[in-house]
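Below is upload.pdb, holding PDB, C-alpha atoms.
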MODEL        1
ATOM      1  CA  MET G   1     -13.827  -5.099   4.712
ATOM      2  CA  MET G   2     -10.361  -4.881   6.196
ATOM      3  CA  TYR G   3     -10.218  -1.057   6.063
ATOM      4  CA  GLU G   4     -13.027   1.043   7.441
ATOM      5  CA  ILE G   5     -14.045   4.503   8.543
ATOM      6  CA  SER G   6     -16.614   4.205  11.331
ATOM      7  CA  LYS G   7     -19.099   6.682  12.721
ATOM      8  CA  GLU G   8     -19.843   4.258  15.576
ATOM      9  CA  PRO G   9     -17.544   3.198  18.436
ATOM     10  CA  ILE G  10     -14.987   0.665  17.185
ATOM     11  CA  ASP G  11     -15.436  -2.969  18.186
ATOM     12  CA  ILE G  12     -11.782  -3.761  18.934
ATOM     13  CA  GLN G  13     -12.229  -7.525  18.973
ATOM     14  CA  ALA G  14     -13.944  -7.447  15.580
ATOM     15  CA  VAL G  15     -10.880  -5.752  14.054
ATOM     16  CA  ILE G  16      -8.557  -8.337  15.644
ATOM     17  CA  ASP G  17     -10.726 -11.207  14.420
ATOM     18  CA  LYS G  18     -10.247 -10.069  10.818
ATOM     19  CA  VAL G  19      -6.518 -10.865  10.882
ATOM     20  CA  VAL G  20      -6.715 -14.280  12.528
ATOM     21  CA  GLN G  21      -4.926 -16.731  10.249
ATOM     22  CA  ARG G  22      -3.563 -20.227  10.724
ATOM     23  CA  ASN G  23      -0.017 -19.207   9.758
ATOM     24  CA  ALA G  24       0.139 -16.388  12.281
ATOM     25  CA  GLY G  25       2.310 -16.694  15.340
ATOM     26  CA  ALA G  26       1.450 -13.218  16.562
ATOM     27  CA  ILE G  27      -1.185 -10.522  16.361
ATOM     28  CA  THR G  28      -0.327  -7.007  17.495
ATOM     29  CA  THR G  29      -3.052  -4.459  18.140
ATOM     30  CA  PHE G  30      -2.598  -0.715  18.273
ATOM     31  CA  ILE G  31      -5.397   1.244  19.912
ATOM     32  CA  GLY G  32      -5.175   5.000  19.496
ATOM     33  CA  THR G  33      -7.106   6.865  22.196
ATOM     34  CA  VAL G  34      -8.047  10.476  22.856
ATOM     35  CA  ARG G  35      -5.605  12.057  25.303
ATOM     36  CA  GLU G  36      -6.684  14.753  27.710
ATOM     37  CA  LEU G  37      -3.466  16.721  28.101
ATOM     38  CA  THR G  38      -1.200  17.867  25.282
ATOM     39  CA  LYS G  39       1.705  20.014  26.462
ATOM     40  CA  GLY G  40      -0.305  21.026  29.491
ATOM     41  CA  LYS G  41      -3.353  22.050  27.472
ATOM     42  CA  LYS G  42      -6.574  20.336  28.388
ATOM     43  CA  THR G  43      -8.627  18.851  25.559
ATOM     44  CA  LEU G  44     -12.378  18.618  26.152
ATOM     45  CA  PHE G  45     -13.221  16.523  23.094
ATOM     46  CA  LEU G  46     -12.227  15.991  19.462
ATOM     47  CA  ILE G  47     -14.035  15.941  16.157
ATOM     48  CA  TYR G  48     -12.545  13.685  13.487
ATOM     49  CA  GLU G  49     -13.455  14.238   9.864
ATOM     50  CA  ALA G  50     -12.432  12.098   6.862
ATOM     51  CA  TYR G  51     -12.506  12.184   3.092
ATOM     52  CA  GLU G  52     -13.977   8.771   3.491
ATOM     53  CA  ALA G  53     -13.652   7.204   0.041
ATOM     54  CA  MET G  54     -10.037   8.251  -0.282
ATOM     55  CA  ALA G  55      -9.223   7.434   3.337
ATOM     56  CA  VAL G  56     -10.358   3.841   2.836
ATOM     57  CA  LYS G  57      -8.215   3.605  -0.302
ATOM     58  CA  LYS G  58      -5.170   4.976   1.506
ATOM     59  CA  LEU G  59      -5.656   2.576   4.431
ATOM     60  CA  ALA G  60      -5.769  -0.240   1.884
ATOM     61  CA  GLN G  61      -2.575   1.089   0.300
ATOM     62  CA  ILE G  62      -0.855   0.968   3.691
ATOM     63  CA  GLY G  63      -2.045  -2.620   4.108
ATOM     64  CA  LYS G  64      -0.626  -3.530   0.724
ATOM     65  CA  GLU G  65       2.708  -1.901   1.569
ATOM     66  CA  ILE G  66       2.863  -3.962   4.743
ATOM     67  CA  GLU G  67       2.009  -7.205   2.977
ATOM     68  CA  GLN G  68       4.811  -6.544   0.505
ATOM     69  CA  ARG G  69       7.342  -5.665   3.159
ATOM     70  CA  TRP G  70       6.522  -8.295   5.791
ATOM     71  CA  GLU G  71       5.830 -11.688   4.300
ATOM     72  CA  GLY G  72       2.650 -13.366   5.414
ATOM     73  CA  ALA G  73       1.291 -10.215   7.105
ATOM     74  CA  CYS G  74      -2.434  -9.624   7.322
ATOM     75  CA  VAL G  75      -3.730  -6.131   8.212
ATOM     76  CA  ALA G  76      -7.032  -4.612   9.342
ATOM     77  CA  ILE G  77      -7.567  -0.962  10.251
ATOM     78  CA  THR G  78     -10.650   0.922  11.438
ATOM     79  CA  HIS G  79     -10.603   4.676  12.091
ATOM     80  CA  ARG G  80     -13.400   6.461  13.885
ATOM     81  CA  VAL G  81     -14.933   9.781  12.792
ATOM     82  CA  GLY G  82     -17.280  12.192  14.526
ATOM     83  CA  ARG G  83     -17.134  13.445  18.114
ATOM     84  CA  LEU G  84     -14.807  11.597  20.476
ATOM     85  CA  ASP G  85     -14.434  12.181  24.187
ATOM     86  CA  ILE G  86     -11.343  11.689  26.307
ATOM     87  CA  THR G  87     -10.250   8.010  26.407
ATOM     88  CA  ASP G  88     -12.428   7.102  23.380
ATOM     89  CA  VAL G  89     -10.827   4.850  20.778
ATOM     90  CA  ALA G  90      -9.921   6.735  17.588
ATOM     91  CA  VAL G  91      -8.156   4.008  15.641
ATOM     92  CA  VAL G  92      -7.533   0.275  15.859
ATOM     93  CA  ILE G  93      -4.817  -1.445  13.829
ATOM     94  CA  ALA G  94      -4.449  -5.223  13.924
ATOM     95  CA  VAL G  95      -1.551  -6.991  12.220
ATOM     96  CA  SER G  96      -0.880 -10.712  12.201
ATOM     97  CA  THR G  97       2.371 -12.250  10.967
ATOM     98  CA  PRO G  98       4.115 -15.613  11.261
ATOM     99  CA  HIS G  99       6.639 -14.171  13.770
ATOM    100  CA  ARG G 100       6.190 -11.569  16.516
ATOM    101  CA  ALA G 101       8.953  -9.121  15.588
ATOM    102  CA  ASP G 102       7.305  -8.471  12.240
ATOM    103  CA  ALA G 103       3.897  -7.965  13.827
ATOM    104  CA  TYR G 104       5.277  -5.204  16.086
ATOM    105  CA  GLU G 105       7.230  -3.495  13.312
ATOM    106  CA  ALA G 106       4.461  -3.632  10.758
ATOM    107  CA  ASN G 107       1.925  -2.261  13.201
ATOM    108  CA  ARG G 108       4.174   0.697  14.027
ATOM    109  CA  TYR G 109       4.639   1.300  10.323
ATOM    110  CA  ALA G 110       0.861   1.429   9.826
ATOM    111  CA  ILE G 111       0.209   4.168  12.391
ATOM    112  CA  GLU G 112       3.107   6.299  11.154
ATOM    113  CA  ARG G 113       1.814   6.015   7.583
ATOM    114  CA  ILE G 114      -1.713   6.933   8.652
ATOM    115  CA  LYS G 115      -0.292  10.174   9.983
ATOM    116  CA  GLU G 116       1.314  10.865   6.598
ATOM    117  CA  ILE G 117      -1.104   9.925   3.837
ATOM    118  CA  VAL G 118      -4.627   9.171   5.077
ATOM    119  CA  PRO G 119      -7.046  12.115   4.654
ATOM    120  CA  ILE G 120      -8.404  12.341   8.194
ATOM    121  CA  TRP G 121      -8.358  15.481  10.322
ATOM    122  CA  LYS G 122      -9.036  16.227  13.944
ATOM    123  CA  LYS G 123     -10.427  19.366  15.461
ATOM    124  CA  GLU G 124      -9.347  19.951  19.035
ATOM    125  CA  HIS G 125     -11.797  21.583  21.391
ATOM    126  CA  TRP G 126     -10.358  23.231  24.489
ATOM    127  CA  GLU G 127     -11.989  25.340  27.171
ATOM    128  CA  GLU G 128     -10.779  28.487  25.452
ATOM    129  CA  GLY G 129     -11.373  27.566  21.831
ATOM    130  CA  GLU G 130     -11.014  25.109  19.000
ATOM    131  CA  ALA G 131      -8.700  24.483  16.058
ATOM    132  CA  TRP G 132      -8.158  22.031  13.244
ATOM    133  CA  MET G 133      -4.925  20.178  13.772
ATOM    134  CA  GLY G 134      -2.722  19.564  10.818
ATOM    135  CA  ASN G 135       0.924  19.790  11.060
ATOM    136  CA  GLN G 136       0.754  22.077  14.082
ATOM    137  CA  LEU G 137       4.224  23.492  13.624
ATOM    138  CA  GLU G 138       3.592  24.096   9.934
ATOM    139  CA  THR G 139       6.934  22.580   9.140
ATOM    140  CA  VAL G 140       5.644  20.456   6.303
ATOM    141  CA  ALA G 141       5.072  22.091   2.960
ATOM    142  CA  TYR G 142       4.381  20.285  -0.253
ATOM    143  CA  PRO G 143       6.086  22.247  -3.017
ATOM    144  CA  SER G 144       4.853  19.852  -5.708
ATOM    145  CA  GLY G 145       1.322  19.870  -4.335
ATOM    146  CA  LYS G 146       1.413  16.311  -3.075
ATOM    147  CA  PRO G 147       3.543  14.283  -0.704
ATOM    148  CA  GLU G 148       6.943  13.480  -2.145
ATOM    149  CA  GLU G 149       7.470  10.033  -3.644
ATOM    150  CA  SER G 150       9.388   8.998  -0.554
ATOM    151  CA  ASP G 151       6.366   9.861   1.597
ATOM    152  CA  LEU G 152       3.945   8.060  -0.672
ATOM    153  CA  ASN G 153       5.857   4.864  -1.364
ATOM    154  CA  GLU G 154       8.020   4.016   1.558
TER     155      GLU G 154
ATOM    156  CA  MET X 155     -18.050  20.855 -14.237
ATOM    157  CA  ASN X 156     -15.983  19.628 -11.343
ATOM    158  CA  LYS X 157     -16.840  18.886  -7.769
ATOM    159  CA  VAL X 158     -14.198  20.483  -5.542
ATOM    160  CA  LEU X 159     -14.142  19.185  -1.956
ATOM    161  CA  PHE X 160     -12.864  21.038   1.079
ATOM    162  CA  PHE X 161     -11.923  19.689   4.476
ATOM    163  CA  ALA X 162     -10.919  20.907   7.927
ATOM    164  CA  HIS X 163      -9.966  24.602   8.073
ATOM    165  CA  LEU X 164     -10.472  25.004   4.327
ATOM    166  CA  ARG X 165     -14.118  24.031   4.646
ATOM    167  CA  ASP X 166     -14.518  26.703   7.305
ATOM    168  CA  ALA X 167     -12.847  29.176   4.952
ATOM    169  CA  VAL X 168     -15.323  28.536   2.120
ATOM    170  CA  GLY X 169     -18.238  29.033   4.489
ATOM    171  CA  GLY X 170     -18.865  25.457   5.539
ATOM    172  CA  ALA X 171     -19.708  24.051   2.114
ATOM    173  CA  GLU X 172     -18.672  20.432   1.669
ATOM    174  CA  PHE X 173     -17.966  21.043  -1.991
ATOM    175  CA  LEU X 174     -18.223  23.674  -4.700
ATOM    176  CA  SER X 175     -19.078  23.130  -8.333
ATOM    177  CA  VAL X 176     -16.351  24.691 -10.422
ATOM    178  CA  ASP X 177     -15.515  24.501 -14.097
ATOM    179  CA  ALA X 178     -11.889  23.411 -13.805
ATOM    180  CA  GLY X 179     -11.506  21.294 -16.946
ATOM    181  CA  GLY X 180      -8.218  22.064 -18.699
ATOM    182  CA  LYS X 181      -6.720  23.880 -15.738
ATOM    183  CA  THR X 182      -3.744  22.594 -13.824
ATOM    184  CA  VAL X 183      -4.024  21.817 -10.138
ATOM    185  CA  ALA X 184      -1.838  24.837  -9.414
ATOM    186  CA  GLU X 185      -4.092  27.143 -11.451
ATOM    187  CA  LEU X 186      -7.250  25.966  -9.724
ATOM    188  CA  LYS X 187      -5.559  26.226  -6.342
ATOM    189  CA  ALA X 188      -4.435  29.800  -7.021
ATOM    190  CA  GLU X 189      -7.842  30.799  -8.354
ATOM    191  CA  LEU X 190      -9.766  29.458  -5.357
ATOM    192  CA  ALA X 191      -7.170  30.653  -2.866
ATOM    193  CA  ALA X 192      -7.627  34.197  -4.173
ATOM    194  CA  LYS X 193     -11.413  34.002  -4.377
ATOM    195  CA  TYR X 194     -11.972  32.592  -0.886
ATOM    196  CA  ASP X 195      -8.848  33.897   0.788
ATOM    197  CA  LEU X 196      -7.773  30.348   1.625
ATOM    198  CA  PRO X 197      -4.983  30.179   4.214
ATOM    199  CA  LYS X 198      -1.742  28.162   4.051
ATOM    200  CA  MET X 199      -2.304  26.731   0.590
ATOM    201  CA  ASP X 200       1.404  25.839   0.214
ATOM    202  CA  THR X 201       0.901  23.030   2.726
ATOM    203  CA  VAL X 202      -2.290  21.774   1.100
ATOM    204  CA  MET X 203      -2.168  18.663  -1.052
ATOM    205  CA  THR X 204      -4.576  17.965  -3.875
ATOM    206  CA  ALA X 205      -6.327  14.791  -4.917
ATOM    207  CA  ILE X 206      -7.899  14.067  -8.288
ATOM    208  CA  ASN X 207     -10.433  11.239  -8.176
ATOM    209  CA  GLU X 208      -9.196  10.152  -4.727
ATOM    210  CA  GLU X 209      -5.493   9.970  -5.656
ATOM    211  CA  PHE X 210      -2.811  12.522  -4.774
ATOM    212  CA  ALA X 211      -1.994  14.717  -7.752
ATOM    213  CA  ALA X 212       0.943  16.999  -8.518
ATOM    214  CA  ASN X 213       0.536  20.747  -9.075
ATOM    215  CA  ASP X 214       1.216  20.431 -12.809
ATOM    216  CA  GLU X 215      -1.433  17.785 -13.424
ATOM    217  CA  VAL X 216      -4.242  18.883 -15.757
ATOM    218  CA  ILE X 217      -7.808  18.514 -14.533
ATOM    219  CA  GLN X 218     -10.361  16.899 -16.846
ATOM    220  CA  ALA X 219     -14.052  17.785 -16.934
ATOM    221  CA  GLY X 220     -15.881  15.626 -14.398
ATOM    222  CA  ASP X 221     -12.842  14.917 -12.217
ATOM    223  CA  GLU X 222     -13.483  15.101  -8.497
ATOM    224  CA  ILE X 223     -10.955  17.417  -6.889
ATOM    225  CA  ALA X 224     -10.180  17.533  -3.182
ATOM    226  CA  PHE X 225      -7.928  19.894  -1.273
ATOM    227  CA  ILE X 226      -6.209  18.007   1.507
ATOM    228  CA  PRO X 227      -4.684  20.029   4.365
ATOM    229  CA  PRO X 228      -1.938  18.315   6.393
ATOM    230  CA  VAL X 229      -3.626  15.271   7.876
ATOM    231  CA  SER X 230      -4.008  14.573  11.595
ATOM    232  CA  GLY X 231      -5.592  11.148  11.923
ATOM    233  CA  GLY X 232      -4.426   8.376  14.196
TER     234      GLY X 232
ENDMDL
END
How does the structure come out when it is put into structure tokens?
Amino acid sequence: MMYEISKEPIDIQAVIDKVVQRNAGAITTFIGTVRELTKGKKTLFLIYEAYEAMAVKKLAQIGKEIEQRWEGACVAITHRVGRLDITDVAVVIAVSTPHRADAYEANRYAIERIKEIVPIWKKEHWEEGEAWMGNQLETVAYPSGKPEESDLNE
Amino acid sequence: MNKVLFFAHLRDAVGGAEFLSVDAGGKTVAELKAELAAKYDLPKMDTVMTAINEEFAANDEVIQAGDEIAFIPPVSGG
């Protein structure tokens, strides 16, 4: 299983091990962690929630996009759900490719795509309250009811 | 019947239920959205995407009996 939603802490090395391949010259790893301060506001902890079946499918779609765009790429992604404390690991993305530049680029692509199309939400808990985060500025609307083609198929 | 799933602030808005059973067969996504938005006073529905059977669906798509529908607020994973 290259794409997973996990209720348990993520084993970072296990995600990396999934993309080891003889033709790889590089593996990049992105580790997303829970930050304490956002614009001066102190987060106590987060709750992540996922539409799990669809989230796994969308992670797999991102992997497929990467394999089409960067030849020889191999991708593994695990995203955590449940309660996470400050510094906890929320997501791990491992990408291996024959050459290092591709591994960096493809990994960046994966995290940006997760933030567009994977049905996972976080609820921020602060000292003075809590709120589900979406697009905080509410600048994104979907007039057709779904992301535009350009969002879905980069 | 159709299972309609809610997440994040929408789940709070429908009283914490993970899903509702709704007869949505033959309705478009937009019609179901409008109906539930009115019934449960759902906020910010213009930013909410919809999935049918775990794939994003457009507002004009027609729902079949048995389809699993999910309302997907702007995501915030990563």
Enclosing box along x, y and z for every listed atom of range 44-48 of chain G, padded 5 Å each side, centre and size in Å, one decimal, as lines of an AutoDock Vina configuration file:
center_x = -13.1
center_y = 16.2
center_z = 19.8
size_x = 11.8
size_y = 14.9
size_z = 22.7
Mind telling me what the PyMOL selection byres ((chain G and resi 32) around 9) catches here, as number ranges by chain?
G: 30-31, 33-34, 88-93, 111; X: 232
Interface rows for chain X against range 125-132 of chain G: nearest pair, Å to one decimal, 9 Å, all atoms listed in the file, as JSON lines:
{"residue": "X:Ala162", "atom": "CA", "partner": "G:Trp132", "partner_atom": "CA", "distance": 6.1}
{"residue": "X:His163", "atom": "CA", "partner": "G:Trp132", "partner_atom": "CA", "distance": 6.1}
{"residue": "X:Ser230", "atom": "CA", "partner": "G:Trp132", "partner_atom": "CA", "distance": 8.7}
For this structure, which residues satisfy the selection - the PyMOL selection byres ((chain G and resi 26) around 12) - when it is evaluated on the file as given? I want them as a ChimeraX atom specification.
/G:16,19-25,27-29,72-74,94-107
Exercise: Thr204 in chain X partners within 6 Å, all atoms listed in the file, chain neighbours under 5 positions left out, as number ranges by chain
X: 210-211, 224-226
So what does the PyMOL selection byres ((chain X and resi 180-196) around 8) actually pick up in this one, as an mmCIF file with C-alpha atoms, in the frame of the given file?
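File produced: selection25.cif:
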data_model
loop_
_atom_site.group_PDB
_atom_site.id
_atom_site.type_symbol
_atom_site.label_atom_id
_atom_site.label_comp_id
_atom_site.auth_asym_id
_atom_site.auth_seq_id
_atom_site.Cartn_x
_atom_site.Cartn_y
_atom_site.Cartn_z
ATOM 1 C CA GLY G 145 1.322 19.870 -4.335
ATOM 2 C CA LEU X 164 -10.472 25.004 4.327
ATOM 3 C CA ALA X 167 -12.847 29.176 4.952
ATOM 4 C CA VAL X 168 -15.323 28.536 2.120
ATOM 5 C CA ALA X 178 -11.889 23.411 -13.805
ATOM 6 C CA GLY X 179 -11.506 21.294 -16.946
ATOM 7 C CA PRO X 197 -4.983 30.179 4.214
ATOM 8 C CA LYS X 198 -1.742 28.162 4.051
ATOM 9 C CA MET X 199 -2.304 26.731 0.590
ATOM 10 C CA THR X 204 -4.576 17.965 -3.875
ATOM 11 C CA ALA X 211 -1.994 14.717 -7.752
ATOM 12 C CA ALA X 212 0.943 16.999 -8.518
ATOM 13 C CA ASN X 213 0.536 20.747 -9.075
ATOM 14 C CA ASP X 214 1.216 20.431 -12.809
ATOM 15 C CA GLU X 215 -1.433 17.785 -13.424
ATOM 16 C CA VAL X 216 -4.242 18.883 -15.757
ATOM 17 C CA ILE X 217 -7.808 18.514 -14.533
ATOM 18 C CA GLN X 218 -10.361 16.899 -16.846
ATOM 19 C CA ALA X 219 -14.052 17.785 -16.934
#
When you draw a straight line from CA of Ser6 in chain G to CA of His79 in chain G, how long is it in Å?
6.1 Å
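Distance annotation: of X:Gly220, X:Gly170, X:Val229, X:Glu209, the residue with the minimal separation from Lys58 in chain G is X:Glu209; atom set is all atoms listed in the file.
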From X:Glu222, X:Met155, X:Ala171, X:Pro228, residue lying nearest Met203 in chain X [all atoms listed in the file]:
X:Pro228
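CA of Tyr3 in chain G is found 22.3 Å from CA of Thr87 in chain G.
If you look at CA of Val158 in chain X and CA of Leu174 in chain X, they are 5.2 Å away from each other.
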Restricting to all atoms listed in the file, whichever of G:Lys57, G:Lys64, G:Lys42, G:Arg108 is closest to chain X is G:Lys57
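Ranking G:Ile62, G:Val15, G:Ala76, G:Leu84 by their shortest atom-to-atom distance to Leu44 in chain G, with all atoms listed in the file included, puts G:Leu84 first.
Across X:Asn156, X:Ile223, X:Gly231, X:Thr201, the tightest approach to Ser175 in chain X is made by X:Asn156 when counting all atoms listed in the file.
In this comparison, which uses only C-alpha atoms, the residue of G:Thr78, G:Val56, G:Lys18, G:Tyr48 approaching Ile117 in chain G most closely is G:Val56.
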